[in-house]
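upload_33.csv, holding CSV, N, CA and C atoms:
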chain,number,residue,atom,x,y,z
A,86,GLN,N,81.6,80.5,114.5
A,86,GLN,CA,80.4,81.3,114.2
A,86,GLN,C,80.7,82.3,113.1
A,87,VAL,N,79.9,82.2,112.0
A,87,VAL,CA,80.1,83.1,110.9
A,87,VAL,C,79.6,84.5,111.2
A,88,GLN,N,80.5,85.5,110.9
A,88,GLN,CA,80.1,86.9,111.0
A,88,GLN,C,80.6,87.7,109.8
A,89,VAL,N,79.7,88.6,109.4
A,89,VAL,CA,80.0,89.5,108.3
A,89,VAL,C,79.5,90.9,108.8
A,90,VAL,N,80.4,91.8,109.1
A,90,VAL,CA,80.1,93.0,109.8
A,90,VAL,C,80.5,94.2,108.9
A,91,GLU,N,79.6,95.0,108.5
A,91,GLU,CA,79.9,96.2,107.8
A,91,GLU,C,80.1,97.4,108.7
A,92,SER,N,80.9,98.4,108.3
A,92,SER,CA,81.1,99.6,109.1
A,92,SER,C,81.6,100.7,108.2
A,93,GLY,N,81.5,101.9,108.7
A,93,GLY,CA,82.0,103.0,107.9
A,93,GLY,C,81.0,103.9,107.3
A,94,GLY,N,79.7,103.6,107.5
A,94,GLY,CA,78.6,104.4,106.9
A,94,GLY,C,78.5,105.7,107.7
A,95,GLY,N,77.7,106.6,107.2
A,95,GLY,CA,77.4,107.8,107.9
A,95,GLY,C,76.8,108.8,107.0
A,96,LEU,N,76.8,110.1,107.5
A,96,LEU,CA,76.3,111.2,106.7
A,96,LEU,C,77.5,111.9,106.0
A,97,VAL,N,77.3,112.2,104.8
A,97,VAL,CA,78.4,112.9,104.0
A,97,VAL,C,77.7,113.8,103.0
A,98,GLN,N,78.4,114.9,102.7
A,98,GLN,CA,77.9,115.9,101.8
A,98,GLN,C,78.1,115.4,100.4
A,99,PRO,N,77.2,115.9,99.4
A,99,PRO,CA,77.5,115.5,98.0
A,99,PRO,C,78.9,115.9,97.6
A,100,GLY,N,79.5,115.0,96.8
A,100,GLY,CA,80.9,115.3,96.4
A,100,GLY,C,81.9,114.7,97.4
A,101,GLY,N,81.5,114.3,98.5
A,101,GLY,CA,82.4,113.7,99.6
A,101,GLY,C,82.7,112.3,99.3
A,102,SER,N,83.5,111.7,100.3
A,102,SER,CA,83.9,110.3,100.2
A,102,SER,C,83.7,109.6,101.5
A,103,LEU,N,83.6,108.3,101.4
A,103,LEU,CA,83.5,107.4,102.5
A,103,LEU,C,84.2,106.1,102.1
A,104,ARG,N,84.7,105.4,103.1
A,104,ARG,CA,85.2,104.1,102.9
A,104,ARG,C,84.5,103.1,103.8
A,105,LEU,N,83.8,102.1,103.2
A,105,LEU,CA,83.1,101.1,104.0
A,105,LEU,C,84.1,99.9,104.1
A,106,SER,N,83.9,99.2,105.3
A,106,SER,CA,84.7,98.0,105.5
A,106,SER,C,83.7,96.9,105.8
A,107,CYS,N,84.2,95.7,105.5
A,107,CYS,CA,83.4,94.5,105.7
A,107,CYS,C,84.3,93.5,106.4
A,108,ALA,N,84.2,93.2,107.6
A,108,ALA,CA,85.0,92.3,108.4
A,108,ALA,C,84.3,91.0,108.5
A,109,ALA,N,85.1,89.9,108.1
A,109,ALA,CA,84.5,88.6,108.0
A,109,ALA,C,85.2,87.6,109.0
A,110,SER,N,84.5,86.7,109.5
A,110,SER,CA,85.1,85.7,110.4
A,110,SER,C,84.2,84.4,110.4
A,111,GLY,N,84.8,83.3,110.8
A,111,GLY,CA,84.1,82.1,110.9
A,111,GLY,C,84.0,81.3,109.6
A,112,PHE,N,84.7,81.8,108.5
A,112,PHE,CA,84.8,81.0,107.3
A,112,PHE,C,86.0,81.4,106.6
A,113,THR,N,86.4,80.6,105.5
A,113,THR,CA,87.6,80.9,104.8
A,113,THR,C,87.5,82.0,103.8
A,114,PHE,N,87.8,83.2,104.3
A,114,PHE,CA,87.5,84.4,103.5
A,114,PHE,C,88.1,84.4,102.1
A,115,ARG,N,89.3,83.9,102.0
A,115,ARG,CA,89.9,83.9,100.7
A,115,ARG,C,89.2,83.0,99.6
A,116,GLY,N,88.3,82.1,100.1
A,116,GLY,CA,87.6,81.2,99.2
A,116,GLY,C,86.3,81.8,98.8
A,117,TYR,N,86.0,83.1,99.0
A,117,TYR,CA,84.7,83.7,98.7
A,117,TYR,C,84.9,84.9,97.9
A,118,THR,N,84.1,85.0,96.9
A,118,THR,CA,83.9,86.3,96.2
A,118,THR,C,83.2,87.2,97.1
A,119,MET,N,83.6,88.5,97.1
A,119,MET,CA,82.9,89.5,97.9
A,119,MET,C,82.2,90.5,97.1
A,120,ASP,N,80.9,90.7,97.5
A,120,ASP,CA,80.1,91.7,96.8
A,120,ASP,C,79.6,92.8,97.8
A,121,TRP,N,79.4,94.0,97.2
A,121,TRP,CA,78.7,95.0,97.9
A,121,TRP,C,77.4,95.3,97.2
A,122,TYR,N,76.3,95.3,98.0
A,122,TYR,CA,75.0,95.6,97.5
A,122,TYR,C,74.6,96.9,98.2
A,123,ARG,N,73.5,97.5,97.7
A,123,ARG,CA,72.9,98.5,98.4
A,123,ARG,C,71.4,98.5,98.1
A,124,GLN,N,70.6,99.1,99.1
A,124,GLN,CA,69.2,99.1,98.9
A,124,GLN,C,68.7,100.5,99.4
A,125,ALA,N,68.2,101.2,98.5
A,125,ALA,CA,67.6,102.6,98.8
A,125,ALA,C,66.2,102.4,99.2
A,126,PRO,N,65.6,103.4,100.0
A,126,PRO,CA,64.2,103.3,100.4
A,126,PRO,C,63.3,103.1,99.2
A,127,GLY,N,62.4,102.1,99.3
A,127,GLY,CA,61.5,101.9,98.2
A,127,GLY,C,62.0,101.2,97.0
A,128,LYS,N,63.3,100.8,97.0
A,128,LYS,CA,63.9,100.2,95.8
A,128,LYS,C,64.4,98.8,96.1
A,129,GLU,N,64.6,98.1,95.1
A,129,GLU,CA,65.2,96.7,95.3
A,129,GLU,C,66.7,96.8,95.6
A,130,ARG,N,67.2,95.7,96.2
A,130,ARG,CA,68.6,95.7,96.5
A,130,ARG,C,69.3,95.5,95.1
A,131,GLU,N,70.4,96.2,95.0
A,131,GLU,CA,71.2,96.1,93.7
A,131,GLU,C,72.6,95.8,94.0
A,132,LEU,N,73.3,95.1,93.1
A,132,LEU,CA,74.7,94.8,93.2
A,132,LEU,C,75.5,96.0,92.8
A,133,VAL,N,76.4,96.5,93.6
A,133,VAL,CA,77.2,97.7,93.4
A,133,VAL,C,78.6,97.3,92.8
A,134,ALA,N,79.2,96.3,93.5
A,134,ALA,CA,80.6,96.0,93.1
A,134,ALA,C,80.9,94.6,93.6
A,135,ARG,N,81.8,94.0,92.8
A,135,ARG,CA,82.2,92.6,93.1
A,135,ARG,C,83.7,92.5,92.9
A,136,ILE,N,84.3,91.6,93.8
A,136,ILE,CA,85.8,91.4,93.7
A,136,ILE,C,85.9,89.8,93.9
A,137,THR,N,86.8,89.3,93.0
A,137,THR,CA,87.0,87.8,93.0
A,137,THR,C,87.9,87.4,94.2
A,138,MET,N,88.0,86.1,94.4
A,138,MET,CA,88.6,85.6,95.6
A,138,MET,C,90.1,86.1,95.9
A,139,ALA,N,90.8,86.2,94.8
A,139,ALA,CA,92.2,86.7,94.9
A,139,ALA,C,92.3,88.1,94.7
A,140,GLY,N,91.2,88.7,94.3
A,140,GLY,CA,91.2,90.2,94.1
A,140,GLY,C,91.7,90.6,92.7
A,141,GLY,N,91.8,89.6,91.8
A,141,GLY,CA,92.3,89.8,90.5
A,141,GLY,C,91.3,90.4,89.5
A,142,SER,N,90.0,90.4,89.8
A,142,SER,CA,89.0,90.9,88.9
A,142,SER,C,87.9,91.6,89.7
A,143,THR,N,87.5,92.8,89.2
A,143,THR,CA,86.4,93.5,89.8
A,143,THR,C,85.4,93.9,88.8
A,144,ASN,N,84.2,94.1,89.3
A,144,ASN,CA,83.1,94.6,88.4
A,144,ASN,C,82.3,95.6,89.2
A,145,TYR,N,81.7,96.5,88.4
A,145,TYR,CA,80.9,97.6,89.0
A,145,TYR,C,79.6,97.8,88.3
A,146,ALA,N,78.6,98.3,89.0
A,146,ALA,CA,77.4,98.8,88.4
A,146,ALA,C,77.7,100.0,87.6
A,147,ASP,N,77.0,100.2,86.5
A,147,ASP,CA,77.3,101.4,85.7
A,147,ASP,C,77.2,102.7,86.5
A,148,SER,N,76.3,102.7,87.4
A,148,SER,CA,76.0,103.9,88.2
A,148,SER,C,77.1,104.4,89.1
A,149,VAL,N,78.1,103.5,89.4
A,149,VAL,CA,79.2,103.8,90.3
A,149,VAL,C,80.5,103.7,89.7
A,150,LYS,N,80.6,103.3,88.4
A,150,LYS,CA,81.9,103.2,87.7
A,150,LYS,C,82.6,104.5,87.7
A,151,GLY,N,83.9,104.4,88.1
A,151,GLY,CA,84.7,105.6,88.1
A,151,GLY,C,84.7,106.4,89.4
A,152,ARG,N,83.7,106.0,90.3
A,152,ARG,CA,83.6,106.7,91.6
A,152,ARG,C,83.8,105.8,92.7
A,153,PHE,N,83.5,104.5,92.6
A,153,PHE,CA,83.7,103.5,93.7
A,153,PHE,C,84.8,102.5,93.3
A,154,THR,N,85.5,102.1,94.4
A,154,THR,CA,86.6,101.1,94.2
A,154,THR,C,86.4,100.0,95.3
A,155,ILE,N,86.3,98.8,94.8
A,155,ILE,CA,86.2,97.7,95.7
A,155,ILE,C,87.6,97.0,95.9
A,156,SER,N,88.0,96.6,97.1
A,156,SER,CA,89.3,96.0,97.3
A,156,SER,C,89.1,95.0,98.5
A,157,ARG,N,90.1,94.2,98.7
A,157,ARG,CA,90.1,93.2,99.8
A,157,ARG,C,91.5,93.0,100.3
A,158,ASP,N,91.6,92.6,101.6
A,158,ASP,CA,92.8,92.2,102.2
A,158,ASP,C,92.6,90.8,102.8
A,159,ASN,N,93.0,89.8,102.1
A,159,ASN,CA,92.8,88.4,102.6
A,159,ASN,C,93.5,88.1,103.9
A,160,ALA,N,94.6,88.8,104.1
A,160,ALA,CA,95.3,88.6,105.4
A,160,ALA,C,94.5,89.2,106.6
A,161,LYS,N,93.7,90.1,106.3
A,161,LYS,CA,92.8,90.8,107.4
A,161,LYS,C,91.4,90.3,107.3
A,162,ASN,N,91.1,89.4,106.4
A,162,ASN,CA,89.7,89.0,106.2
A,162,ASN,C,88.7,90.1,106.1
A,163,THR,N,89.1,91.1,105.3
A,163,THR,CA,88.3,92.3,105.2
A,163,THR,C,88.2,92.8,103.7
A,164,ALA,N,87.0,93.2,103.4
A,164,ALA,CA,86.8,93.8,102.1
A,164,ALA,C,86.4,95.3,102.3
A,165,TYR,N,86.6,96.1,101.3
A,165,TYR,CA,86.4,97.5,101.4
A,165,TYR,C,85.7,98.0,100.2
A,166,LEU,N,85.0,99.2,100.4
A,166,LEU,CA,84.4,99.9,99.3
A,166,LEU,C,84.7,101.4,99.5
A,167,GLN,N,85.6,101.9,98.7
A,167,GLN,CA,86.0,103.3,98.7
A,167,GLN,C,85.0,104.0,97.8
A,168,MET,N,84.3,105.0,98.3
A,168,MET,CA,83.3,105.7,97.6
A,168,MET,C,83.7,107.2,97.5
A,169,SER,N,83.7,107.7,96.3
A,169,SER,CA,84.1,109.1,96.1
A,169,SER,C,83.0,109.8,95.2
A,170,SER,N,83.1,111.1,95.2
A,170,SER,CA,82.2,111.9,94.4
A,170,SER,C,80.7,111.4,94.7
A,171,LEU,N,80.4,111.3,95.9
A,171,LEU,CA,79.1,110.8,96.3
A,171,LEU,C,78.0,111.7,95.9
A,172,LYS,N,76.9,111.1,95.5
A,172,LYS,CA,75.7,111.8,95.1
A,172,LYS,C,74.5,111.5,96.0
A,173,PRO,N,73.5,112.3,96.1
A,173,PRO,CA,72.3,112.0,96.9
A,173,PRO,C,71.7,110.6,96.5
A,174,GLU,N,71.8,110.3,95.3
A,174,GLU,CA,71.2,109.0,94.9
A,174,GLU,C,72.0,107.8,95.3
A,175,ASP,N,73.2,108.0,95.9
A,175,ASP,CA,73.9,106.9,96.5
A,175,ASP,C,73.4,106.6,97.9
A,176,THR,N,72.5,107.4,98.4
A,176,THR,CA,72.0,107.1,99.7
A,176,THR,C,71.3,105.8,99.8
A,177,ALA,N,71.7,104.9,100.7
A,177,ALA,CA,71.2,103.6,100.8
A,177,ALA,C,71.8,102.9,102.0
A,178,VAL,N,71.2,101.7,102.3
A,178,VAL,CA,71.9,100.8,103.2
A,178,VAL,C,72.8,99.9,102.4
A,179,TYR,N,74.1,99.8,102.7
A,179,TYR,CA,75.1,99.1,102.0
A,179,TYR,C,75.3,97.7,102.7
A,180,TYR,N,75.3,96.7,101.9
A,180,TYR,CA,75.4,95.3,102.5
A,180,TYR,C,76.6,94.6,101.9
A,181,CYS,N,77.3,93.8,102.7
A,181,CYS,CA,78.4,93.0,102.2
A,181,CYS,C,77.9,91.6,102.1
A,182,ASN,N,78.3,90.9,101.0
A,182,ASN,CA,77.9,89.5,100.8
A,182,ASN,C,79.1,88.7,100.4
A,183,ALA,N,79.3,87.6,101.1
A,183,ALA,CA,80.4,86.7,100.7
A,183,ALA,C,79.8,85.4,100.1
A,184,VAL,N,80.3,85.0,98.9
A,184,VAL,CA,79.7,83.9,98.2
A,184,VAL,C,80.8,83.0,97.7
A,185,ASP,N,80.6,81.7,97.9
A,185,ASP,CA,81.6,80.7,97.4
A,185,ASP,C,81.2,80.1,96.0
A,186,THR,N,82.0,79.2,95.5
A,186,THR,CA,81.7,78.7,94.2
A,186,THR,C,80.5,77.7,94.2
A,187,ARG,N,80.0,77.3,95.4
A,187,ARG,CA,78.9,76.4,95.5
A,187,ARG,C,77.6,77.2,95.6
A,188,GLY,N,77.7,78.6,95.8
A,188,GLY,CA,76.6,79.4,96.0
A,188,GLY,C,76.3,79.6,97.5
A,189,MET,N,77.1,79.1,98.4
A,189,MET,CA,76.9,79.3,99.8
A,189,MET,C,77.2,80.8,100.0
A,190,ASP,N,76.4,81.5,100.7
A,190,ASP,CA,76.7,82.9,100.9
A,190,ASP,C,76.3,83.4,102.3
A,191,TYR,N,77.0,84.5,102.7
A,191,TYR,CA,76.8,85.1,104.0
A,191,TYR,C,76.6,86.6,103.9
A,192,TRP,N,75.6,87.1,104.6
A,192,TRP,CA,75.3,88.5,104.5
A,192,TRP,C,75.5,89.2,105.8
A,193,GLY,N,75.9,90.5,105.7
A,193,GLY,CA,76.0,91.3,106.9
A,193,GLY,C,74.7,92.0,107.1
A,194,LYS,N,74.6,92.8,108.1
A,194,LYS,CA,73.3,93.5,108.5
A,194,LYS,C,73.2,94.9,107.8
A,195,GLY,N,74.3,95.3,107.2
A,195,GLY,CA,74.3,96.6,106.5
A,195,GLY,C,74.8,97.8,107.3
A,196,THR,N,75.2,98.8,106.5
A,196,THR,CA,75.5,100.1,107.1
A,196,THR,C,74.9,101.2,106.3
A,197,LEU,N,74.4,102.2,106.9
A,197,LEU,CA,73.6,103.2,106.3
A,197,LEU,C,74.5,104.3,105.8
A,198,VAL,N,74.4,104.7,104.5
A,198,VAL,CA,75.1,105.8,103.9
A,198,VAL,C,74.1,106.9,103.5
A,199,THR,N,74.2,108.1,104.0
A,199,THR,CA,73.3,109.2,103.7
A,199,THR,C,74.1,110.3,103.0
A,200,VAL,N,73.8,110.6,101.8
A,200,VAL,CA,74.4,111.7,101.1
A,200,VAL,C,73.5,112.9,101.0
A,201,SER,N,73.8,113.9,101.8
A,201,SER,CA,72.9,115.1,101.9
A,201,SER,C,73.6,116.3,102.3
A,202,SER,N,73.2,117.5,101.9
A,202,SER,CA,73.8,118.7,102.3
A,202,SER,C,73.0,119.3,103.5
Taking this structure as input, can you express it in the form of structure tokens?
Amino acid sequence: QVQVVESGGGLVQPGGSLRLSCAASGFTFRGYTMDWYRQAPGKERELVARITMAGGSTNYADSVKGRFTISRDNAKNTAYLQMSSLKPEDTAVYYCNAVDTRGMDYWGKGTLVTVSS
């Protein structure tokens, strides 16, 4: 049974940090590129960060460059998103997506991040 489960969201003050985790099971994790997306209320889902299968390459949306870091541990079948210097505009539901070279993908149900004082 395929599962992709995000965790680590919550309420944080502006300027604070959070680390999101994405635990995967039921498929060959190391064979999938891992993406983090987010969707704010009333907005479209956007790609935030991407890491390749072996972790050798990462990409970020301009809005989070220098503040967010994506990583993965293939031994633990887990991807991470370290978020720092958080802003109110980072408030969103964050989703993890695993995608292979054929385009097969799996989504998690998301974790809510709220940045507010």
Residue contacts of segment 174-183 of chain A (6 Å, only N, CA and C atoms) excluding same-chain residues fewer than 4 positions away, as a ChimeraX atom specification: /A:117-126,189-200
Report the residues of segment 89-148 of chain A whose backbone DSSP state falls under strand (DSSP E or B), written as a PyMOL selection string. chain A and resi 89-92+95-97+103-110+118-124+131-136+143-145
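The two atoms in question, atom C of Ser170 of chain A and atom C of Val184 of chain A, are spaced 28.6 Å apart.
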Could you make a table, as a Markdown table, of the residues of segment 130-194 of chain A that have an atom within 7 Å of an atom of segment 107-112 of chain A, each with its nearest atom pair and distance in Å to one decimal, counting only C-alpha atoms, in chain and number order?
| residue | atom | partner | partner_atom | distance |
| --- | --- | --- | --- | --- |
| A:Asn162 | CA | A:Ala109 | CA | 5.5 |
| A:Thr163 | CA | A:Ala108 | CA | 4.6 |
| A:Ala164 | CA | A:Cys107 | CA | 5.0 |
| A:Tyr165 | CA | A:Cys107 | CA | 6.0 |
| A:Cys181 | CA | A:Cys107 | CA | 6.3 |
Can you write out the residues you just picked, keeping N, CA and C atoms, as an mmCIF file, keeping the file's coordinate frame?
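Dumped everything to selection.cif:
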data_model
loop_
_atom_site.group_PDB
_atom_site.id
_atom_site.type_symbol
_atom_site.label_atom_id
_atom_site.label_comp_id
_atom_site.auth_asym_id
_atom_site.auth_seq_id
_atom_site.Cartn_x
_atom_site.Cartn_y
_atom_site.Cartn_z
ATOM 1 N N ASN A 162 91.100 89.400 106.400
ATOM 2 C CA ASN A 162 89.700 89.000 106.200
ATOM 3 C C ASN A 162 88.700 90.100 106.100
ATOM 4 N N THR A 163 89.100 91.100 105.300
ATOM 5 C CA THR A 163 88.300 92.300 105.200
ATOM 6 C C THR A 163 88.200 92.800 103.700
ATOM 7 N N ALA A 164 87.000 93.200 103.400
ATOM 8 C CA ALA A 164 86.800 93.800 102.100
ATOM 9 C C ALA A 164 86.400 95.300 102.300
ATOM 10 N N TYR A 165 86.600 96.100 101.300
ATOM 11 C CA TYR A 165 86.400 97.500 101.400
ATOM 12 C C TYR A 165 85.700 98.000 100.200
ATOM 13 N N CYS A 181 77.300 93.800 102.700
ATOM 14 C CA CYS A 181 78.400 93.000 102.200
ATOM 15 C C CYS A 181 77.900 91.600 102.100
#
Pairwise distance for atom N of Ser201 of chain A and atom CA of Leu171 of chain A, rounded to one decimal in Å: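 Here the two named atoms are 8.2 Å from each other.
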